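Q: Supplied in structure tokens, the structure appears directly below.
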2 protein chains.
Amino acid sequence: MSEAAPKYKVKPRTRKELRAPSPWEGRRRPRLQNALKREAVILAAARAFRQRGYHKTSLDELAASLKVTKPTLYIYVPNKEAMLFECFKAGLAQIQETLESCEAARGPARERLFAFIRGYAAAIVGDFGWCMLRAEDQHLGAPMSRRIKLLKAGIDRRMRALIEAGVADGSIRECDTRMTAFALAGALNWMGHWYREDATLKPDEIADRFIDFFNKGLRGRD
Amino acid sequence: MSEAAPKYKVKPRTRKELRAPSPWEGRRRPRLQNALKREAVILAAARAFRQRGYHKTSLDELAASLKVTKPTLYIYVPNKEAMLFECFKAGLAQIQETLESCEAARGPARERLFAFIRGYAAAIVGDFGWCMLRAEDQHLGAPMSRRIKLLKAGIDRRMRALIEAGVADGSIRECDTRMTAFALAGALNWMGHWYREDATLKPDEIADRFIDFFNKGLRGRD
DNA sequence: AAGATCGGTTACCGAACAGTAACATGAAGC
DNA sequence: GCTTCATGTTACTGTTCGGTAACCGATCTT
């Protein structure tokens with residue numbers, strides 16, 4: 001979402017008589033509706049994928065939920081895989097945004113990490129959270145799978161950097177930062193499995209309880 | 001694995017002349033090979049599912065990896081869904097075993113919880129770990145999905161009970177036990193996503209680092 | 001008013017794949 | 001040696017579903 005550029009190549013619809021395309025001389029007509037509808041498709045896909053799973057979601061169903069027919073979807077997205085990838089990118093963008101603001105903020109790195117965790121939790125339970133987490137292990141081609149893995153690795157790296165900064169500034173105790181990052185990410189990612197909209201706790205309340213635990217650990221008296 | 005009972009009904013193979021079955025009068029012949037091969041099928045399925053995913057694994061491939069053909073699989077398992085379910089049960093059994101020994105053990109509940117975490121981590125990265133975690137959200141019929149959800153909820157409940165016991169005996173500080181259980185389970189379950197056999201750390205080493213983190217938390221000086 | 005074209009439809013294709021029918025074989029039991 | 005049955009095989013079916021071809025009508029431009 002929220003990026004106009006990466007539109008796929010406009011698919012030249014094969015007509016009976018297809019006159020010479022001469023692609024760059026046509027005066028552009030308002031494409032506004034197009035972009036909006038495209039986003040609607042992506043969002044509906046994200047919701048369907050989260051609810052029914054990627055494979056269980058047929059494009060016929062998805063199209064029907066938007067009150068159109070399947071071929072219409074192909075006007076906006078080249079194929080199902082790309083749909084999932086767009087959803088992934090939308091979720092990713094949300095997290096990267098949080099990440100950037102937390103990296104730029106002042107104060108002890110531990111607090112900045114916790115701020116990130118709040119944003120991350122919100123993203124995970126959001127519309128694109130499921131796709132972000134699970135895109136990778138759906139039925140995707142190898143190149144796309146690699147791209148996703150790479151982008152996710154970037155998130156992980158920056159999260160670890162935040163932890164390392166905390167160790168450096170003393171706000172986080174010495175620890176295996178790699179494993180700690182995995183533990184944190186795991187706890188948060190798992191929300192995507194059990195959290196449902198109707199839950200009693202709001203995402204930020206959950207994040208706060210998680211942070212309390214992350215912060216102080218389990219140990220009582222000993 | 002390791003339970004002989006729950007064999008599915010022996011499928012009466014339709015023959016050209018199918019003489020009266022009279023089911024309970026035949027003297028049983030040694031079924032040993034049968035059980036062994038059945039377990040081989042389940043194990044191969046578990047590994048294939050973990051590696052390629054449930055949907056990406058076609059039964060033709062799976063059969064080929066066992067040097068047989070697809071219909072042979074149907075001698076041992078009634079359908080693909082049941083295969084996944086058997087894998088799930090195998091993983092579940094492993095965890096329940098750990099759980100029982102930890103519940104029965106002596107000592108502060110925090111230590112018993114940590115012992116459970118070690119066993120749990122081993123199970124997650126084991127052959128059936130993937131199936132345990134992901135069976136539920138594959139393409140399964142509603143009844144099977146429900147059964148799985150129920151069994152998983154049992155694990156969760158017993159894990160939470162362990163935490164509550166820790167709070168009761170003082171070895172774990174006061175906290176939201178429900179959220180804490182989710183955080184712990186999430187961190188561990190996520191191992192199933194990133195852990196690979198060739199990793200530098202063995203599962204119990206990872207578990208130890210996780211436990212260190214769970215125990216003391218992140219907080220440095222403040 | 002003409003006509004290109006965007007956004008949409010109906011009707012179809014083809015591949016993948018779970019599951020089945022019918023036949024083949026070899027070893028155990030009488 | 002004959003039967004019986006477990007265990008395989010080959011060859012097929014039926015369905016689901018992603019993707020495409022070809023037509024259509026409202027709208028904006030000129």
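The way I read the labels, and the way they are meant: chains A, B, ... in the order of the structure tokens, residue 1 as the first residue of every chain, and ligand 1 as the first ligand shown, with later ones counted on from there.
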Output as JSON lines one row per residue of chain D within 10 Å of chain A: the closest atom pair and its distance in Å to one decimal place, counting only C-alpha atoms (C1' of nucleotides), sorted by chain and residue number ascending.
A:
```
{"residue": "D:DT16", "atom": "C1'", "partner": "A:Ser58", "partner_atom": "CA", "distance": 9.4}
{"residue": "D:DC17", "atom": "C1'", "partner": "A:Ser58", "partner_atom": "CA", "distance": 7.0}
{"residue": "D:DG18", "atom": "C1'", "partner": "A:Lys80", "partner_atom": "CA", "distance": 8.0}
{"residue": "D:DG19", "atom": "C1'", "partner": "A:Asn79", "partner_atom": "CA", "distance": 8.1}
{"residue": "D:DT20", "atom": "C1'", "partner": "A:Pro71", "partner_atom": "CA", "distance": 8.7}
{"residue": "D:DA21", "atom": "C1'", "partner": "A:Thr14", "partner_atom": "CA", "distance": 8.0}
{"residue": "D:DA22", "atom": "C1'", "partner": "A:Arg15", "partner_atom": "CA", "distance": 7.6}
{"residue": "D:DC23", "atom": "C1'", "partner": "A:Arg15", "partner_atom": "CA", "distance": 9.4}
{"residue": "D:DC28", "atom": "C1'", "partner": "A:Arg29", "partner_atom": "CA", "distance": 8.6}
{"residue": "D:DT29", "atom": "C1'", "partner": "A:Arg29", "partner_atom": "CA", "distance": 9.7}
```
Q: Kindly provide, as number ranges by chain, the residues of chain A having any atom no farther than 9 Å from an atom of chain B, counting only C-alpha atoms.
A: A: 52-53, 55-56, 110, 137-139, 166-167, 170-176, 179-180, 182-191, 194, 206, 209-210, 212-222
Q: Go through chain A and flag each residue having an atom no more than 9 Å from chain C; for those, report the closest pair of atoms plus their distance in Å to one decimal, using only C-alpha atoms (C1' of nucleotides), ordered by chain and rising number, as CSV.
A:
```
residue,atom,partner,partner_atom,distance
A:Val68,CA,C:DG8,C1',8.2
A:Thr69,CA,C:DT9,C1',7.7
A:Pro71,CA,C:DG8,C1',8.5
A:Thr72,CA,C:DG8,C1',6.5
A:Ile75,CA,C:DG7,C1',8.1
```
Q: Would you work out the distance separating CA of Gly107 (chain B) from CA of Ala161 (chain B), expressed in Å to one decimal?
A: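 These two atoms are separated by 15.2 Å.
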